[in-house]
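Each remark here refers to the structure printed beneath this line.
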Amino acid sequence: MRTKLLEKIVKSSWFVLMLVILVGACVFAADEAFLADKHSKMGCKSCHTTGEYGDVENETCLKCHGSWEKLAEKTGEMQINPHQSPHFGMDTCTMCHHAHYEFENICKSCHMY
Amino acid sequence: MTRKLLFAVSVACILTMLVSGLAMAKVKVPAKWDMETDVLVLGFGAAGATAAAYAFDAGAEVMILEKLPFPGGNTAVCGGAIYGTGTPVQKEVGYNDSPEQFIKYYSQIRPGMNFPEFVEILAYESADAIQFVIDNGAKIPAVEGLPGITMGGFERNYDHITPAMARSHWVDGGGKGLFQAFYNAVKDRPGIKVHLSTAAERLIQDPATERIIGVQAKKGNKTLNIKARKAVVIATGGWSQNVDLLTAYSPNGNNFKGAKGSPGVTGDGLLMAMEVGAKTWALHEVLESMGIAGSPGTYFTPFMAYTLIVNNDAKRYISEGAWTEPISEETLRQPNGEAYLIFDAELRARSEFDVTLNTVVPADKVIKANSIKELAQKLGLDPATLEKTVAEYNGYCKTGVDPMGKSPAEMSAIDKAPFYAIKSDPLPVMTTGGILTDTESRVLNPFDEVIPGLYAAGEVTGGKLVGYPGCGSAVTEAFVFGRIAGENAAHESVWDR
């Protein structure tokens, strides 16, 4: 009886461990999916329009994602609206929305909120 | 025997450490350079943009490295003033100013801390700085006020020495409008190569000639060795965002709970210059201003004089009509270094309050209550003491005589509910000491000898701005010495020929 219980525990802990690994792997994989991966079906040239690999212009993003004003509306609920910054130079999509590495909220490099 | 052996081993260890330490102090000259240019400018703020534009016009190939993903430095987040004398705007408003008067005034600000040679250059070239931003698209209306011109310093205090003149020229659109002009100057010269998100980390020095020949930089996790055939210009700004450097040099260094300004001003240029033996000047000098830690864009200057300021003991300690710098200094000496700005409904309705509170003060930082007692409770202050302090202050408002010396024009009783308070912190705005250069913007060593191939301009330098003569004086300094640095750097000989 006691051995059976022990076996059960061992089995279930294996199960839990496997589950943890699986979920962990999924989360990790999701983290690895950068903006470029999410756009991968469109092909490199949909963003790198000239065929040269460098910074992507705002217009390229806005062709699909609408106007700057519309984006500001979308994030209007935020205490500091990242799409409506009063500061100089905070108007480049790729500044926060990096295509090949993690998203970064540039506002937070100064503002705590 | 064992002791002797131990001694020998430890001596050997120390020697090895010393020798390797010396060898490690500087980045070795790379066998292969990743990029190259004539003049390499570090930092894309006002000084860097000016140096780049003038070096380019003098015929040099120019590259700017900026570690942040956006340009602007402290200029882009400042109030938007530029300081100058003898300008057409001054004349139109009715100020008959001159470089001679400017020198007389500037010399009163912390005498001995700013070099007369620098002050003279600033006096005669400040009008060019204002013309430069106007030529590059900035608008400065010929009126008294903001935008327009004001006495943005201590001009009235020295009226008995030289007539008080409005020299702070406020650009339409604040810091954003002001930096736009510097940015335009670079954008209009497409030959200037700009690398954002690229941080210069170490200078590369020729071990034989001691000339600065390039920079080691980081872009992402990639290390880049960039050759500067003519010179490197350090224009990386101050270090008000670097707690270690503030603590090392400033008496108030580790008392600050945050900082104002660009996140980029972490003293990178100062450290790089120190490594190659640059002379420094007045590193302890920090310009302070009242704000809220964690909200670097917050300021109270338009209305602070009308409030009642108390410390953690609910007691008044300074005339609120003083400038933000002495108020900050005094606040640092109060318990826990905090201040509470208190005002009432009547003051709240004034435009000075309304405009500032609606734009730069986070709404959740303004505490509101129906009585002084309730306000004290919400702030965690002693209610009885605060009530007493407010009653005393209201008494002074009635008589118009303040023992702290505040002007009656700035005194208004705090008696109309609701009552308001903002908890506020003294914060570093900029550092006014730094690398010492000669009048040609060449970086000097401790014996006042030139370090070849190295220039510096803007907030990273010292001996020009201690005591902060007035709003916009840092931007003028950045332009004037940025231009000298850029032109001289462009005229250097090419070292690798």
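Residues are named by chain letter and number: chains run A, B, ... in the order of the structure tokens, numbers start at 1 in each chain, and ligands are numbered from 1 in the order shown.
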Please list as a compact mmCIF listing (two decimals) with N, CA and C atoms, in the first residue's frame every residue within 12 Å of A:Leu71, counting only C-alpha atoms and excluding residues in the same chain fewer than 2 positions away.
# COMPACT_ATOMS: atom_id res chain seq x y z
N CYS A 61 6.07 50.65 -41.92
CA CYS A 61 5.24 50.08 -40.85
C CYS A 61 3.81 50.58 -40.95
N LEU A 62 3.73 51.92 -41.21
CA LEU A 62 2.41 52.56 -41.18
C LEU A 62 1.53 52.15 -42.36
N CYS A 64 0.66 49.30 -43.20
CA CYS A 64 -0.30 48.32 -42.69
C CYS A 64 -0.93 48.74 -41.37
N HIS A 65 -0.14 49.44 -40.55
CA HIS A 65 -0.60 49.69 -39.17
C HIS A 65 -1.34 51.01 -38.99
N GLY A 66 -1.64 51.69 -40.08
CA GLY A 66 -2.44 52.92 -39.99
C GLY A 66 -1.60 54.12 -39.64
N SER A 67 -2.28 55.21 -39.34
CA SER A 67 -1.56 56.48 -39.10
C SER A 67 -1.02 56.53 -37.68
N TRP A 68 -0.09 57.45 -37.48
CA TRP A 68 0.50 57.70 -36.16
C TRP A 68 -0.61 58.07 -35.16
N GLU A 69 -1.56 58.91 -35.63
CA GLU A 69 -2.66 59.36 -34.77
C GLU A 69 -3.53 58.18 -34.31
N GLU A 73 -4.28 56.76 -30.53
CA GLU A 73 -5.60 56.46 -29.98
C GLU A 73 -5.61 55.10 -29.30
N LYS A 74 -4.95 54.16 -29.94
CA LYS A 74 -4.90 52.78 -29.44
C LYS A 74 -4.25 52.70 -28.06
N THR A 75 -3.24 53.55 -27.84
CA THR A 75 -2.51 53.51 -26.57
C THR A 75 -2.91 54.69 -25.67
N GLY A 76 -4.04 55.32 -26.00
CA GLY A 76 -4.50 56.50 -25.27
C GLY A 76 -4.77 56.26 -23.79
N GLU A 77 -5.03 55.00 -23.44
CA GLU A 77 -5.33 54.67 -22.05
C GLU A 77 -4.07 54.71 -21.17
N ASN A 81 1.41 58.28 -23.06
CA ASN A 81 1.09 57.70 -24.37
C ASN A 81 2.35 57.66 -25.24
N PRO A 82 2.88 56.45 -25.49
CA PRO A 82 4.14 56.36 -26.22
C PRO A 82 4.05 56.85 -27.66
N HIS A 83 2.83 56.88 -28.21
CA HIS A 83 2.67 57.33 -29.60
C HIS A 83 2.33 58.81 -29.69
N GLN A 84 2.49 59.50 -28.56
CA GLN A 84 2.17 60.93 -28.55
C GLN A 84 3.18 61.65 -27.66
N ASP A 91 9.84 59.38 -32.44
CA ASP A 91 8.85 59.16 -33.48
C ASP A 91 9.33 58.15 -34.51
N CYS A 93 9.33 54.10 -35.26
CA CYS A 93 8.70 52.85 -34.83
C CYS A 93 9.72 51.86 -34.25
Exercise. Mind listing as a list in words which residues of chain B are within 6 Å of chain A, counting only C-alpha atoms?
Worked result: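 Residues satisfying the distance criterion: Phe70, Ala76, Lys176, Gly294 and Ser295 of chain B.
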Problem set entry | Contact residues around B:Pro116 with only C-alpha atoms at 12 Å, ignoring same-chain residues under 2 positions, as a PyMOL selection string | chain B and resi 102-114+118-123+438-439+463-465
Exercise. If you count only C-alpha atoms, which residues fall within 12 Å of B:Gly380, apart from same-chain ones fewer than 5 positions away, as an NGL selection string?
Worked result: :B and (311-314 or 340 or 367 or 373-375 or 385-386 or 421 or 423)
Writing out the chosen residues with all heavy atoms as a tab-separated table (two decimals), in the first residue's frame:
chain	number	residue	atom	x	y	z
B	311	ASN	N	9.24	71.35	5.33
B	311	ASN	CA	10.03	70.12	5.36
B	311	ASN	C	9.22	69.01	6.03
B	311	ASN	O	8.05	69.17	6.33
B	311	ASN	CB	11.37	70.37	6.06
B	311	ASN	CG	11.18	70.84	7.51
B	311	ASN	OD1	10.09	70.71	8.07
B	311	ASN	ND2	12.24	71.37	8.09
B	312	ASN	N	9.89	67.90	6.31
B	312	ASN	CA	9.22	66.76	6.93
B	312	ASN	C	8.72	67.05	8.34
B	312	ASN	O	7.88	66.32	8.85
B	312	ASN	CB	10.22	65.59	6.99
B	312	ASN	CG	9.86	64.54	5.96
B	312	ASN	OD1	8.70	64.45	5.57
B	312	ASN	ND2	10.83	63.75	5.53
B	313	ASP	N	9.24	68.11	8.97
B	313	ASP	CA	8.75	68.52	10.30
B	313	ASP	C	7.60	69.51	10.17
B	313	ASP	O	7.22	70.14	11.16
B	313	ASP	CB	9.89	69.18	11.11
B	313	ASP	CG	11.01	68.20	11.41
B	313	ASP	OD1	10.71	66.99	11.42
B	313	ASP	OD2	12.16	68.64	11.61
B	314	ALA	N	7.09	69.69	8.95
B	314	ALA	CA	5.98	70.62	8.66
B	314	ALA	C	6.37	72.06	8.94
B	314	ALA	O	5.52	72.90	9.24
B	314	ALA	CB	4.72	70.22	9.43
B	340	TYR	N	7.67	69.78	0.78
B	340	TYR	CA	6.27	69.72	0.37
B	340	TYR	C	5.84	71.10	-0.08
B	340	TYR	O	5.97	72.07	0.66
B	340	TYR	CB	5.39	69.25	1.54
B	340	TYR	CG	5.76	67.87	2.01
B	340	TYR	CD1	6.78	67.69	2.94
B	340	TYR	CD2	5.11	66.75	1.51
B	340	TYR	CE1	7.15	66.41	3.36
B	340	TYR	CE2	5.46	65.47	1.93
B	340	TYR	CZ	6.48	65.31	2.85
B	340	TYR	OH	6.84	64.07	3.26
B	367	ILE	N	-1.51	65.93	-4.10
B	367	ILE	CA	-2.38	65.46	-3.01
B	367	ILE	C	-3.39	66.57	-2.69
B	367	ILE	O	-3.02	67.74	-2.59
B	367	ILE	CB	-1.56	65.12	-1.75
B	367	ILE	CG1	-0.38	64.19	-2.10
B	367	ILE	CG2	-2.43	64.55	-0.64
B	367	ILE	CD1	-0.75	62.85	-2.67
B	373	LYS	N	-5.49	70.09	8.14
B	373	LYS	CA	-5.32	68.93	9.02
B	373	LYS	C	-5.34	67.63	8.19
B	373	LYS	O	-4.46	66.78	8.31
B	373	LYS	CB	-6.42	68.92	10.07
B	373	LYS	CG	-6.23	67.90	11.17
B	373	LYS	CD	-7.36	67.99	12.18
B	373	LYS	CE	-7.35	66.73	13.04
B	373	LYS	NZ	-8.53	66.63	13.87
B	374	GLU	N	-6.34	67.55	7.32
B	374	GLU	CA	-6.47	66.35	6.48
B	374	GLU	C	-5.27	66.23	5.53
B	374	GLU	O	-4.76	65.14	5.30
B	374	GLU	CB	-7.79	66.45	5.70
B	374	GLU	CG	-8.17	65.17	4.98
B	374	GLU	CD	-9.26	65.37	3.93
B	374	GLU	OE1	-10.07	66.32	4.05
B	374	GLU	OE2	-9.27	64.58	2.97
B	375	LEU	N	-4.83	67.39	5.02
B	375	LEU	CA	-3.67	67.38	4.11
B	375	LEU	C	-2.44	66.82	4.83
B	375	LEU	O	-1.73	65.97	4.30
B	375	LEU	CB	-3.40	68.80	3.62
B	375	LEU	CG	-2.44	68.95	2.45
B	375	LEU	CD1	-3.02	68.36	1.17
B	375	LEU	CD2	-2.08	70.42	2.20
B	385	THR	N	1.46	70.99	13.77
B	385	THR	CA	2.58	71.82	13.32
B	385	THR	C	2.27	72.46	11.97
B	385	THR	O	2.55	73.64	11.75
B	385	THR	CB	3.88	70.99	13.22
B	385	THR	OG1	3.97	70.14	14.35
B	385	THR	CG2	5.10	71.87	13.12
B	386	LEU	N	1.70	71.67	11.06
B	386	LEU	CA	1.40	72.23	9.74
B	386	LEU	C	0.36	73.34	9.85
B	386	LEU	O	0.50	74.39	9.20
B	386	LEU	CB	0.92	71.13	8.77
B	386	LEU	CG	0.80	71.60	7.32
B	386	LEU	CD1	2.15	72.01	6.75
B	386	LEU	CD2	0.16	70.55	6.42
B	421	ALA	N	-0.95	69.64	-2.05
B	421	ALA	CA	0.47	69.50	-1.71
B	421	ALA	C	1.14	68.58	-2.71
B	421	ALA	O	0.53	67.64	-3.23
B	421	ALA	CB	0.63	68.94	-0.31
B	423	LYS	N	4.76	66.42	-2.90
B	423	LYS	CA	6.02	66.01	-2.27
B	423	LYS	C	7.10	66.11	-3.33
B	423	LYS	O	6.93	65.59	-4.44
B	423	LYS	CB	5.90	64.57	-1.77
B	423	LYS	CG	7.10	64.12	-0.99
B	423	LYS	CD	6.88	62.72	-0.49
B	423	LYS	CE	8.16	62.16	0.06
B	423	LYS	NZ	8.05	60.72	0.29
For this session: Figure out the distance between atom CA of B:Pro71 and atom CA of B:Tyr83, please, to one decimal in Å.
Result: 21.6 Å
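The coordinates place atom CA of A:His97 at 26.9 Å from atom CA of B:Ala181.
Excluding stretch 54-59 of chain B itself and any same-chain residue fewer than 6 positions from it, the protein and nucleic acid residues within 7 Å of it, counting only C-alpha atoms, are Arg483, Gly486, Glu487, Ala489 and Ala490 of chain B.
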Problem set entry | DSSP-assigned strand (DSSP E or B) members of stretch 130-272 of chain B, reported as number ranges by chain | B: 144, 148-150, 153, 168-170, 193-195, 198-205, 212-219, 222-234
For this session: Give me the residues within 6 Å of stretch 217-227 of chain B as a ChimeraX atom specification, counting only C-alpha atoms and dropping any in the same chain fewer than 5 places off.
Result: /B:33-36,198-201
Problem set entry | Shell around stretch 262-268 of chain B at 9 Å using only C-alpha atoms, local window under 5 positions removed, as a list in words |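 The neighbour list is Ser109 and Cys110 of chain A; Lys67, Leu68, Gly72, Gly73, Asn74, Thr75, Ala76, Val77, Ala199, Ala200, Glu201, Arg202, Thr236, Gly237, Gly238, Trp239, Ser240, Gln241, Asn242, Val243, Leu245, Ala273, Pro296, Met430 and Val460 of chain B.
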Would you write out those residues with N, CA and C atoms, as a PDB file, in the first residue's frame?
ATOM      1  N   SER A 109      12.867  54.453 -20.024  1.00  0.00           N
ATOM      2  CA  SER A 109      14.260  54.742 -19.694  1.00  0.00           C
ATOM      3  C   SER A 109      14.346  56.033 -18.874  1.00  0.00           C
ATOM      4  N   CYS A 110      13.276  56.833 -18.866  1.00  0.00           N
ATOM      5  CA  CYS A 110      13.233  58.030 -18.005  1.00  0.00           C
ATOM      6  C   CYS A 110      12.075  57.969 -17.027  1.00  0.00           C
TER       7      CYS A 110
ATOM      8  N   LYS B  67      24.888  56.977 -28.213  1.00  0.00           N
ATOM      9  CA  LYS B  67      24.602  55.687 -27.586  1.00  0.00           C
ATOM     10  C   LYS B  67      23.116  55.402 -27.438  1.00  0.00           C
ATOM     11  N   LEU B  68      22.299  56.471 -27.341  1.00  0.00           N
ATOM     12  CA  LEU B  68      20.855  56.249 -27.231  1.00  0.00           C
ATOM     13  C   LEU B  68      20.267  56.014 -28.625  1.00  0.00           C
ATOM     14  N   GLY B  72      19.667  64.159 -29.219  1.00  0.00           N
ATOM     15  CA  GLY B  72      19.073  65.264 -28.459  1.00  0.00           C
ATOM     16  C   GLY B  72      19.772  65.608 -27.164  1.00  0.00           C
ATOM     17  N   GLY B  73      20.257  64.592 -26.444  1.00  0.00           N
ATOM     18  CA  GLY B  73      20.921  64.856 -25.172  1.00  0.00           C
ATOM     19  C   GLY B  73      20.058  65.681 -24.240  1.00  0.00           C
ATOM     20  N   ASN B  74      20.695  66.422 -23.375  1.00  0.00           N
ATOM     21  CA  ASN B  74      19.946  67.256 -22.429  1.00  0.00           C
ATOM     22  C   ASN B  74      19.244  68.417 -23.123  1.00  0.00           C
ATOM     23  N   THR B  75      19.780  68.856 -24.277  1.00  0.00           N
ATOM     24  CA  THR B  75      19.171  69.993 -24.977  1.00  0.00           C
ATOM     25  C   THR B  75      17.718  69.698 -25.354  1.00  0.00           C
ATOM     26  N   ALA B  76      17.469  68.477 -25.832  1.00  0.00           N
ATOM     27  CA  ALA B  76      16.128  68.139 -26.308  1.00  0.00           C
ATOM     28  C   ALA B  76      15.103  68.084 -25.185  1.00  0.00           C
ATOM     29  N   VAL B  77      15.559  67.936 -23.943  1.00  0.00           N
ATOM     30  CA  VAL B  77      14.601  67.865 -22.835  1.00  0.00           C
ATOM     31  C   VAL B  77      14.700  69.080 -21.906  1.00  0.00           C
ATOM     32  N   ALA B 199      27.463  53.137 -28.645  1.00  0.00           N
ATOM     33  CA  ALA B 199      28.086  53.782 -27.487  1.00  0.00           C
ATOM     34  C   ALA B 199      29.604  53.750 -27.577  1.00  0.00           C
ATOM     35  N   ALA B 200      30.216  54.926 -27.627  1.00  0.00           N
ATOM     36  CA  ALA B 200      31.668  54.992 -27.519  1.00  0.00           C
ATOM     37  C   ALA B 200      32.038  54.579 -26.098  1.00  0.00           C
ATOM     38  N   GLU B 201      33.009  53.692 -25.955  1.00  0.00           N
ATOM     39  CA  GLU B 201      33.357  53.221 -24.609  1.00  0.00           C
ATOM     40  C   GLU B 201      34.767  53.579 -24.176  1.00  0.00           C
ATOM     41  N   ARG B 202      35.732  53.413 -25.090  1.00  0.00           N
ATOM     42  CA  ARG B 202      37.128  53.702 -24.731  1.00  0.00           C
ATOM     43  C   ARG B 202      37.812  54.431 -25.886  1.00  0.00           C
ATOM     44  N   THR B 236      29.741  64.182 -25.030  1.00  0.00           N
ATOM     45  CA  THR B 236      28.844  63.163 -24.477  1.00  0.00           C
ATOM     46  C   THR B 236      27.980  63.664 -23.324  1.00  0.00           C
ATOM     47  N   GLY B 237      28.113  64.944 -22.942  1.00  0.00           N
ATOM     48  CA  GLY B 237      27.293  65.467 -21.854  1.00  0.00           C
ATOM     49  C   GLY B 237      27.861  65.163 -20.477  1.00  0.00           C
ATOM     50  N   GLY B 238      27.114  65.533 -19.463  1.00  0.00           N
ATOM     51  CA  GLY B 238      27.590  65.393 -18.084  1.00  0.00           C
ATOM     52  C   GLY B 238      27.322  64.031 -17.492  1.00  0.00           C
ATOM     53  N   TRP B 239      27.171  63.986 -16.142  1.00  0.00           N
ATOM     54  CA  TRP B 239      27.008  62.691 -15.483  1.00  0.00           C
ATOM     55  C   TRP B 239      25.941  62.747 -14.391  1.00  0.00           C
ATOM     56  N   SER B 240      24.909  63.609 -14.598  1.00  0.00           N
ATOM     57  CA  SER B 240      23.891  63.695 -13.546  1.00  0.00           C
ATOM     58  C   SER B 240      23.064  62.418 -13.424  1.00  0.00           C
ATOM     59  N   GLN B 241      23.193  61.497 -14.372  1.00  0.00           N
ATOM     60  CA  GLN B 241      22.494  60.217 -14.255  1.00  0.00           C
ATOM     61  C   GLN B 241      23.431  59.112 -13.754  1.00  0.00           C
ATOM     62  N   ASN B 242      24.621  59.483 -13.316  1.00  0.00           N
ATOM     63  CA  ASN B 242      25.557  58.460 -12.840  1.00  0.00           C
ATOM     64  C   ASN B 242      25.794  58.639 -11.340  1.00  0.00           C
ATOM     65  N   VAL B 243      25.090  57.832 -10.542  1.00  0.00           N
ATOM     66  CA  VAL B 243      25.135  57.975  -9.080  1.00  0.00           C
ATOM     67  C   VAL B 243      26.561  57.788  -8.553  1.00  0.00           C
ATOM     68  N   LEU B 245      29.473  58.475 -10.011  1.00  0.00           N
ATOM     69  CA  LEU B 245      30.285  59.671 -10.257  1.00  0.00           C
ATOM     70  C   LEU B 245      29.817  60.834  -9.387  1.00  0.00           C
ATOM     71  N   ALA B 273      38.062  60.325 -21.075  1.00  0.00           N
ATOM     72  CA  ALA B 273      39.110  61.346 -21.051  1.00  0.00           C
ATOM     73  C   ALA B 273      40.037  61.146 -19.857  1.00  0.00           C
ATOM     74  N   PRO B 296      11.372  62.624 -14.325  1.00  0.00           N
ATOM     75  CA  PRO B 296      12.420  63.596 -14.622  1.00  0.00           C
ATOM     76  C   PRO B 296      11.955  64.824 -15.387  1.00  0.00           C
ATOM     77  N   MET B 430      22.142  69.138 -14.170  1.00  0.00           N
ATOM     78  CA  MET B 430      23.320  69.000 -15.010  1.00  0.00           C
ATOM     79  C   MET B 430      24.572  69.192 -14.167  1.00  0.00           C
ATOM     80  N   VAL B 460      30.218  68.171 -20.967  1.00  0.00           N
ATOM     81  CA  VAL B 460      31.307  67.319 -20.477  1.00  0.00           C
ATOM     82  C   VAL B 460      32.534  68.136 -20.061  1.00  0.00           C
TER      83      VAL B 460
END
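One distance worth recording is that between atom CA of B:Cys78 and atom CA of B:Gly258, which is 16.7 Å.
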For this session: Report the residues of stretch 341-389 of chain B whose backbone DSSP state falls under alpha helix (DSSP H), written as a list in words.
Result: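 Residues of stretch 341-389 of chain B classed as alpha helix (DSSP H): Ala345, Glu346, Leu347, Arg348, Ser351, Glu352, Phe353, Asp354, Val355, Thr356, Leu357, Asn358, Thr359, Ile372, Lys373, Glu374, Leu375, Ala376, Gln377, Lys378, Leu379, Pro383, Ala384, Thr385, Leu386, Glu387, Lys388 and Thr389 of chain B.
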